[in-house]
>>> print(open('upload_14.tsv').read())   # TSV, C-alpha atoms and all ligand atoms
chain	number	residue	atom	x	y	z
B	781	MET	CA	92.82	84.50	75.27
B	782	LEU	CA	96.06	86.05	76.43
B	783	LEU	CA	95.03	85.53	80.03
B	784	ARG	CA	94.19	81.89	79.47
B	785	GLN	CA	97.51	81.21	77.74
B	786	HIS	CA	99.38	82.93	80.50
B	787	CYS	CA	97.71	80.95	83.24
B	788	LEU	CA	98.35	77.66	81.50
B	789	LEU	CA	101.96	78.61	81.00
B	790	ASN	CA	102.45	79.10	84.71
B	791	LEU	CA	100.36	76.26	86.00
B	792	HIS	CA	103.31	74.11	86.91
B	793	ARG	CA	105.09	76.77	88.91
B	794	PHE	CA	102.69	76.68	91.83
B	795	SER	CA	102.48	74.14	94.54
B	796	THR	CA	100.93	76.17	97.31
B	797	PRO	CA	97.50	77.78	97.73
B	798	PRO	CA	97.24	81.56	97.93
B	799	ALA	CA	97.63	83.27	101.27
B	800	GLN	CA	94.88	83.23	103.87
B	801	PRO	CA	91.60	84.76	102.72
B	802	LEU	CA	91.17	88.38	103.66
B	803	ALA	CA	88.00	90.41	103.89
B	804	ALA	CA	86.18	90.82	100.57
B	805	VAL	CA	87.43	93.72	98.49
B	806	SER	CA	85.02	96.28	97.13
B	807	PHE	CA	85.83	97.29	93.59
B	808	SER	CA	85.40	100.99	93.52
B	809	ARG	CA	88.05	102.57	91.33
B	810	SER	CA	89.77	104.31	94.20
B	811	SER	CA	89.87	101.30	96.48
B	812	THR	CA	91.19	98.97	93.83
B	813	LEU	CA	93.83	101.12	92.29
B	814	SER	CA	95.04	102.59	95.52
B	815	ALA	CA	96.95	100.93	98.27
B	816	ARG	CA	95.09	102.35	101.24
B	817	LEU	CA	96.57	103.07	104.59
B	818	ASN	CA	95.35	101.32	107.66
B	819	PRO	CA	97.79	101.54	110.54
B	820	SER	CA	95.66	99.24	112.69
B	821	THR	CA	95.66	96.25	110.33
B	822	GLU	CA	97.50	93.19	111.54
B	823	SER	CA	100.55	92.05	109.62
B	824	PRO	CA	99.96	89.48	106.88
B	825	PRO	CA	101.56	86.08	107.47
B	826	PRO	CA	105.31	85.97	106.82
B	827	LEU	CA	106.50	85.03	103.37
B	828	ASN	CA	107.33	81.42	102.74
B	829	ARG	CA	110.85	81.01	101.43
B	830	SER	CA	110.89	79.34	98.05
B	831	SER	CA	112.23	75.83	98.12
B	832	ALA	CA	113.22	76.18	94.47
B	833	PRO	CA	117.00	76.29	93.97
B	834	ASN	CA	116.68	79.06	91.41
B	835	PHE	CA	115.74	82.51	92.69
B	836	ALA	CA	113.98	83.28	89.39
B	837	ALA	CA	111.44	80.66	90.39
B	838	ALA	CA	110.65	82.52	93.57
B	839	GLY	CA	107.05	82.94	92.43
B	840	LEU	CA	106.52	80.56	95.27
B	841	LEU	CA	107.19	83.38	97.65
B	842	ARG	CA	103.83	84.49	98.82
B	843	THR	CA	102.13	86.92	101.08
B	844	ALA	CA	98.68	88.47	101.18
B	845	ILE	CA	97.49	88.56	97.61
B	846	PHE	CA	96.34	91.52	95.55
B	847	VAL	CA	92.93	90.76	94.05
B	848	PRO	CA	92.08	92.96	91.03
B	849	PRO	CA	88.68	94.20	89.87
B	850	GLY	CA	86.32	91.54	88.57
B	851	VAL	CA	87.61	88.72	90.79
B	852	ALA	CA	86.06	87.45	94.00
B	853	ARG	CA	88.69	86.54	96.55
B	854	GLU	CA	87.07	83.19	97.25
B	855	ASP	CA	87.36	82.27	93.55
B	856	VAL	CA	91.13	82.78	93.39
B	857	THR	CA	93.15	79.69	92.48
B	858	PRO	CA	96.96	79.40	92.59
B	859	GLU	CA	97.16	79.48	88.79
B	860	MET	CA	95.74	83.00	88.80
B	861	VAL	CA	98.68	84.44	90.77
B	862	LEU	CA	101.51	85.84	88.65
B	863	PRO	CA	104.90	84.23	89.36
B	864	GLY	CA	107.25	86.26	91.54
B	865	SER	CA	104.42	88.45	92.77
B	866	ASN	CA	101.27	88.55	94.89
B	867	ILE	CA	99.17	89.69	91.91
B	868	VAL	CA	96.06	87.84	90.79
B	869	VAL	CA	95.23	88.12	87.08
B	870	GLY	CA	91.60	89.00	86.46
B	871	PRO	CA	89.25	89.50	83.52
B	872	TYR	CA	90.52	92.99	82.73
B	873	ALA	CA	93.97	91.64	81.76
B	874	GLY	CA	94.81	91.59	78.08
B	875	ASP	CA	96.61	93.41	75.25
B	876	ALA	CA	99.80	93.57	77.30
B	877	GLN	CA	102.24	93.61	74.37
B	878	ILE	CA	104.14	96.75	73.53
B	879	LYS	CA	104.04	97.14	69.77
B	880	GLN	CA	105.17	100.69	69.47
B	881	VAL	CA	106.71	103.28	71.74
B	882	GLU	CA	107.80	106.85	71.18
B	883	PHE	CA	109.30	109.56	73.31
B	884	VAL	CA	106.86	112.46	73.52
B	885	LYS	CA	108.32	115.18	75.72
B	886	SER	CA	110.28	116.17	78.79
B	887	SER	CA	108.55	118.53	81.18
B	888	ALA	CA	110.14	120.61	83.90
B	889	ARG	CA	106.81	121.23	85.65
B	890	ALA	CA	103.72	119.12	86.22
B	891	ARG	CA	101.56	121.62	84.35
B	892	ASP	CA	103.67	121.20	81.20
B	893	CYS	CA	102.87	117.46	80.92
B	894	PRO	CA	100.74	116.15	77.99
B	895	LYS	CA	97.07	117.06	78.29
B	896	ASP	CA	95.46	114.44	76.05
B	897	HIS	CA	93.89	112.42	78.90
B	898	ARG	CA	95.53	109.13	78.03
B	899	PRO	CA	96.14	106.89	81.07
B	900	GLU	CA	99.67	106.75	82.46
B	901	PHE	CA	101.98	104.86	84.82
B	902	ALA	CA	104.63	106.79	86.71
B	903	ILE	CA	107.95	105.10	87.43
B	904	LEU	CA	109.23	106.30	90.78
B	905	GLY	CA	112.10	105.35	93.05
B	906	ARG	CA	115.45	106.32	94.50
B	907	SER	CA	118.17	107.50	92.18
B	908	ASN	CA	119.92	104.53	90.61
B	909	VAL	CA	117.20	102.04	91.57
B	910	GLY	CA	116.79	101.14	87.89
B	911	LYS	CA	113.81	103.22	86.66
B	912	SER	CA	115.18	103.93	83.19
B	913	SER	CA	116.51	100.36	82.89
B	914	LEU	CA	113.06	98.98	83.70
B	915	ILE	CA	111.48	101.09	80.96
B	916	ASN	CA	114.14	99.87	78.49
B	917	THR	CA	113.36	96.28	79.48
B	918	LEU	CA	109.62	96.71	79.21
B	919	VAL	CA	109.83	98.30	75.75
B	920	ARG	CA	112.65	95.95	74.68
B	921	LYS	CA	114.93	98.76	73.55
B	922	LYS	CA	118.40	98.93	75.03
B	923	GLU	CA	118.86	102.67	75.35
B	924	PHE	CA	115.40	104.06	75.02
B	925	ALA	CA	115.31	105.79	78.39
B	926	LEU	CA	118.71	107.10	79.44
B	927	THR	CA	120.48	105.00	82.03
B	928	SER	CA	123.58	105.83	83.97
B	929	LYS	CA	125.90	104.56	86.68
B	930	LYS	CA	125.84	108.11	88.01
B	931	PRO	CA	122.72	108.77	90.12
B	932	GLY	CA	120.51	111.64	89.08
B	933	LYS	CA	120.60	111.12	85.33
B	934	THR	CA	116.87	111.63	84.83
B	935	GLN	CA	116.02	115.21	85.88
B	936	LEU	CA	112.73	115.88	84.09
B	937	ILE	CA	109.28	114.32	83.78
B	938	ASN	CA	109.63	112.22	80.62
B	939	HIS	CA	106.54	110.94	78.80
B	940	PHE	CA	106.77	107.87	76.54
B	941	LEU	CA	103.68	107.00	74.49
B	942	VAL	CA	102.98	103.27	74.14
B	943	ASN	CA	100.82	101.82	71.34
B	944	LYS	CA	99.51	105.35	70.83
B	945	SER	CA	97.21	104.76	73.77
B	946	TRP	CA	98.94	105.10	77.16
B	947	TYR	CA	102.06	106.59	78.76
B	948	PHE	CA	105.06	105.53	80.76
B	949	VAL	CA	106.38	108.41	82.80
B	950	ASP	CA	110.04	108.34	83.81
B	951	LEU	CA	110.52	110.58	86.84
B	952	PRO	CA	113.66	111.93	88.49
B	953	GLY	CA	114.91	109.72	91.30
B	954	TYR	CA	114.58	110.82	94.89
B	955	GLY	CA	117.22	110.60	97.59
B	956	PHE	CA	120.05	111.68	95.31
B	957	ALA	CA	122.79	111.95	97.92
B	958	ASN	CA	124.90	114.50	96.06
B	959	ALA	CA	122.11	116.94	95.28
B	960	SER	CA	122.10	120.24	97.10
B	961	GLN	CA	119.38	120.81	99.69
B	962	SER	CA	117.59	123.28	97.40
B	963	ALA	CA	117.63	120.82	94.48
B	964	ARG	CA	116.09	118.16	96.72
B	965	THR	CA	113.36	120.54	97.84
B	966	ASP	CA	112.60	121.41	94.22
B	967	TRP	CA	112.38	117.73	93.35
B	968	SER	CA	109.98	117.10	96.14
B	969	SER	CA	107.61	119.96	95.35
B	970	PHE	CA	107.47	119.39	91.62
B	971	THR	CA	107.06	115.64	91.87
B	972	LYS	CA	104.44	115.90	94.59
B	973	GLY	CA	102.63	118.46	92.42
B	974	TYR	CA	102.60	115.92	89.62
B	975	PHE	CA	101.13	113.17	91.80
B	976	LEU	CA	98.48	115.30	93.42
B	977	ASN	CA	97.21	116.88	90.20
B	978	ARG	CA	97.53	114.20	87.55
B	979	ASP	CA	94.02	112.85	86.93
B	980	THR	CA	95.24	110.42	84.29
B	981	LEU	CA	97.64	108.62	86.63
B	982	VAL	CA	96.49	104.98	86.79
B	983	SER	CA	99.17	103.81	89.18
B	984	VAL	CA	102.66	104.53	90.44
B	985	LEU	CA	105.25	101.82	89.96
B	986	LEU	CA	107.35	102.37	93.07
B	987	LEU	CA	110.72	100.75	92.43
B	988	VAL	CA	112.62	99.32	95.38
B	989	ASP	CA	116.16	97.96	95.10
B	990	SER	CA	116.05	94.36	96.31
B	991	SER	CA	119.85	94.07	96.44
B	992	ILE	CA	120.08	96.29	99.53
B	993	PRO	CA	118.24	96.36	102.88
B	994	PRO	CA	115.03	98.44	103.16
B	995	GLN	CA	115.71	102.18	103.02
B	996	GLN	CA	113.79	104.65	105.16
B	997	ILE	CA	113.30	106.99	102.22
B	998	ASP	CA	111.43	104.27	100.27
B	999	LEU	CA	109.21	103.56	103.25
B	1000	ASP	CA	108.52	107.29	103.62
B	1001	CYS	CA	107.65	107.56	99.95
B	1002	ALA	CA	105.26	104.59	100.10
B	1003	ASN	CA	103.69	106.10	103.18
B	1004	TRP	CA	103.22	109.48	101.50
B	1005	LEU	CA	101.59	107.91	98.42
B	1006	GLY	CA	99.31	105.80	100.62
B	1007	ARG	CA	98.29	108.80	102.71
B	1008	ASN	CA	97.36	110.65	99.54
B	1009	ASN	CA	95.38	107.69	98.21
B	1010	ILE	CA	97.61	107.27	95.16
B	1011	GLY	CA	97.62	103.72	93.83
B	1012	LEU	CA	100.96	101.98	93.71
B	1013	THR	CA	102.62	98.73	92.79
B	1014	PHE	CA	105.91	97.83	94.47
B	1015	VAL	CA	108.37	96.75	91.80
B	1016	PHE	CA	111.45	95.13	93.31
B	1017	THR	CA	114.43	95.69	91.00
B	1018	LYS	CA	117.84	94.01	90.61
B	1019	CYS	CA	116.53	90.60	91.71
B	1020	ASP	CA	119.35	89.03	89.68
B	1021	LYS	CA	121.95	90.29	92.19
B	1022	THR	CA	122.23	87.11	94.18
B	1023	LYS	CA	125.99	86.61	94.25
B	1024	GLY	CA	129.03	88.12	95.79
B	1025	GLY	CA	127.58	90.78	98.09
B	1026	LYS	CA	128.20	90.86	101.81
B	1027	GLY	CA	124.57	91.75	102.57
B	1028	LYS	CA	121.38	89.75	102.47
B	1029	ARG	CA	119.87	88.17	99.40
B	1030	PRO	CA	117.12	89.93	97.41
B	1031	ASP	CA	114.38	87.61	98.69
B	1032	GLU	CA	115.44	88.35	102.30
B	1033	ASN	CA	115.47	92.11	101.64
B	1034	ILE	CA	112.05	91.89	99.97
B	1035	LYS	CA	110.59	89.99	102.90
B	1036	HIS	CA	112.02	92.52	105.35
B	1037	PHE	CA	110.59	95.41	103.30
B	1038	GLN	CA	107.17	93.79	103.18
B	1039	ASP	CA	107.20	93.18	106.92
B	1040	LEU	CA	107.92	96.87	107.46
B	1041	ILE	CA	105.12	98.14	105.23
B	1042	SER	CA	102.48	95.52	105.99
B	1043	ASN	CA	100.96	97.44	108.87
B	1044	TYR	CA	100.29	100.47	106.72
B	1045	TYR	CA	97.81	98.82	104.37
B	1046	LYS	CA	94.23	97.79	104.76
B	1047	GLU	CA	94.38	95.87	101.49
B	1048	PRO	CA	97.64	94.33	100.36
B	1049	PRO	CA	99.29	96.42	97.65
B	1050	PRO	CA	100.49	94.56	94.57
B	1051	TRP	CA	104.21	93.73	94.41
B	1052	ILE	CA	106.40	92.02	91.84
B	1053	MET	CA	110.04	90.97	91.48
B	1054	THR	CA	111.95	92.10	88.38
B	1055	SER	CA	115.38	92.21	86.82
B	1056	SER	CA	116.39	94.36	83.89
B	1057	VAL	CA	119.34	92.02	83.33
B	1058	THR	CA	117.44	88.73	83.04
B	1059	GLY	CA	113.99	90.07	82.11
B	1060	LEU	CA	112.48	88.50	85.22
B	1061	GLY	CA	108.95	89.83	85.79
B	1062	ARG	CA	108.73	91.72	82.50
B	1063	ASP	CA	105.70	89.98	80.97
B	1064	GLU	CA	104.01	89.65	84.33
B	1065	LEU	CA	104.34	93.36	85.10
B	1066	LEU	CA	102.95	94.27	81.66
B	1067	LEU	CA	99.98	91.99	82.21
B	1068	HIS	CA	99.32	93.54	85.61
B	1069	MET	CA	99.51	97.02	84.09
B	1070	SER	CA	97.07	95.97	81.36
B	1071	GLN	CA	94.44	94.99	83.89
B	1072	LEU	CA	94.79	98.23	85.84
B	1073	ARG	CA	94.68	100.21	82.59
B	1074	ASN	CA	91.71	98.39	81.09
B	1075	TYR	CA	89.78	98.79	84.30
B	1076	TRP	CA	90.66	102.49	84.40
B	1077	ASP	CA	89.60	102.80	80.74
B	1078	ASN	CA	86.25	101.14	81.34
B	1079	ASP	CA	83.63	103.83	80.81
B	1080	ASP	CA	80.97	101.83	82.63
B	1081	ILE	CA	82.71	102.36	85.96
B	1082	VAL	CA	81.57	105.32	87.98
B	1101	LIG	N1	122.22	93.98	88.13
B	1101	LIG	C1	121.27	94.87	87.78
B	1101	LIG	N2	121.61	96.17	87.57
B	1101	LIG	C2	120.64	97.04	87.23
B	1101	LIG	C3	119.28	96.64	87.08
B	1101	LIG	N3	118.54	97.74	86.77
B	1101	LIG	C4	119.41	98.77	86.70
B	1101	LIG	N4	120.67	98.36	86.96
B	1101	LIG	C5	121.89	99.21	86.98
B	1101	LIG	O1	121.69	100.27	87.94
B	1101	LIG	C6	122.25	101.50	87.46
B	1101	LIG	C7	121.19	102.59	87.47
B	1101	LIG	O2	120.18	102.28	86.52
B	1101	LIG	P1	119.21	103.41	85.93
B	1101	LIG	O3	118.18	102.69	85.14
B	1101	LIG	O4	119.97	104.50	85.23
B	1101	LIG	O5	118.60	104.00	87.27
B	1101	LIG	P2	117.56	105.22	87.45
B	1101	LIG	O6	116.67	104.83	88.57
B	1101	LIG	O7	116.92	105.55	86.15
B	1101	LIG	O8	118.54	106.39	87.92
B	1101	LIG	P3	118.25	107.99	87.88
B	1101	LIG	O9	117.73	108.35	86.52
B	1101	LIG	O10	119.59	108.54	88.17
B	1101	LIG	O11	117.29	108.28	88.97
B	1101	LIG	C8	122.82	101.19	86.06
B	1101	LIG	O12	124.20	100.90	86.22
B	1101	LIG	C9	122.06	99.93	85.64
B	1101	LIG	O13	122.78	99.15	84.71
B	1101	LIG	C10	118.95	95.25	87.31
B	1101	LIG	O14	117.79	94.79	87.23
B	1101	LIG	N5	119.98	94.41	87.66
B	1102	MG	MG	116.78	107.35	85.04
>>> encode(input="upload_14.tsv", output="structure tokens")
Amino acid sequence: MLLRQHCLLNLHRFSTPPAQPLAAVSFSRSSTLSARLNPSTESPPPLNRSSAPNFAAAGLLRTAIFVPPGVAREDVTPEMVLPGSNIVVGPYAGDAQIKQVEFVKSSARARDCPKDHRPEFAILGRSNVGKSSLINTLVRKKEFALTSKKPGKTQLINHFLVNKSWYFVDLPGYGFANASQSARTDWSSFTKGYFLNRDTLVSVLLLVDSSIPPQQIDLDCANWLGRNNIGLTFVFTKCDKTKGGKGKRPDENIKHFQDLISNYYKEPPPWIMTSSVTGLGRDELLLHMSQLRNYWDNDDIV
């Protein structure tokens, strides 16, 4: 029901068909939830610039689409693609609303994290990219996760329990310019330990600041996750920052970033545009997370 309502709601926003068909996707858990590396794959076609005057309507931007479990690529229609993303909504989408959220614990080491086997999404990105702000936006609480103008505010692995059934995990940012070399090394080993050993991790939300040009450290991080077969969704933050800057616009930075990573992936990873200021992408991201989670939760899948 939720899916149907959502699709109807967005029907009018699309005027273009999805990107060129790619090879059929096999729906094993690892292939679907992971963005797999394939250095030899040709680049997807360039993004089409939205003709809409309002950047928030840039759902018309498109690239190779992400097809979730339960959907055949040839059955995809434009209405099934979430606005401001390349994500197709499939039959596993549903129960996306956040009714309740509570802070559970902060852990200094991966082995101290909750052990109750609930599925979780890790929020990862450079310091100051907007990880804590995104969590606040998704849960609709202004100061739920601590935010700061000073990079490096979040220093521990923080677990937030949603609807008593799944977790958000707020991680320390990487690339904190003022951190000492030893602090950076510590960050790297403890966060990598978390990723490599966390069986309940459904997907990483890798946040990328769309208000600045692509950063090598983000590309390196995406590459590392891909090499280790860890599923990710690119979440472009700060898409509201369209005015005043000397640099390029968010949609130009996003396109550039996608061009740079396109060769790494055999199947296009999901990506979505967001803003914690305007709420752009909030409902769409939650719906996407619901389909990954429900698929992960499905006991029938081996
Ligand atoms: N304009 C705009 N500013 C944002 C957005 N998201 C975050 N910010 C600002 O960016 C700064 C950093 O936000 P945080 O959410 O604390 O970033 P973080 O990634 O959690 O930072 P660390 O915990 O230090 O790694 C704050 O000043 C936020 O208000 C956004 O979508 N748009
Ligand atoms: Mg933070």
>>> atom_distance(input="upload_14.tsv", atom1="CA of Asn908 in chain B", atom2="CA of Asn866 in chain B")
24.9 Å
>>> closest_residue(input="upload_14.tsv", among="B:Leu986, B:Ile878, B:Leu1060, B:Gly905", to="Lys1021 in chain B", atoms="only C-alpha atoms")
B:Leu1060
>>> closest_residue(input="upload_14.tsv", among="B:Thr980, B:Ile1041, B:Gly1059, B:Asp1000", to="Cys1019 in chain B", atoms="all atoms listed in the file")
B:Gly1059
>>> atom_distance(input="upload_14.tsv", atom1="CA of Trp946 in chain B", atom2="CA of Trp1051 in chain B")
21.3 Å
>>> closest_residue(input="upload_14.tsv", among="B:Ser865, B:Thr857, B:Asn1003, B:Gln995", to="Ala844 in chain B", atoms="only C-alpha atoms")
B:Ser865
>>> closest_residue(input="upload_14.tsv", among="B:Pro1048, B:Gly1061, B:Pro899, B:Gly1011", to="Asp1077 in chain B", atoms="all atoms listed in the file")
B:Pro899
>>> atom_distance(input="upload_14.tsv", atom1="CA of Ile903 in chain B", atom2="CA of Leu985 in chain B")
4.9 Å
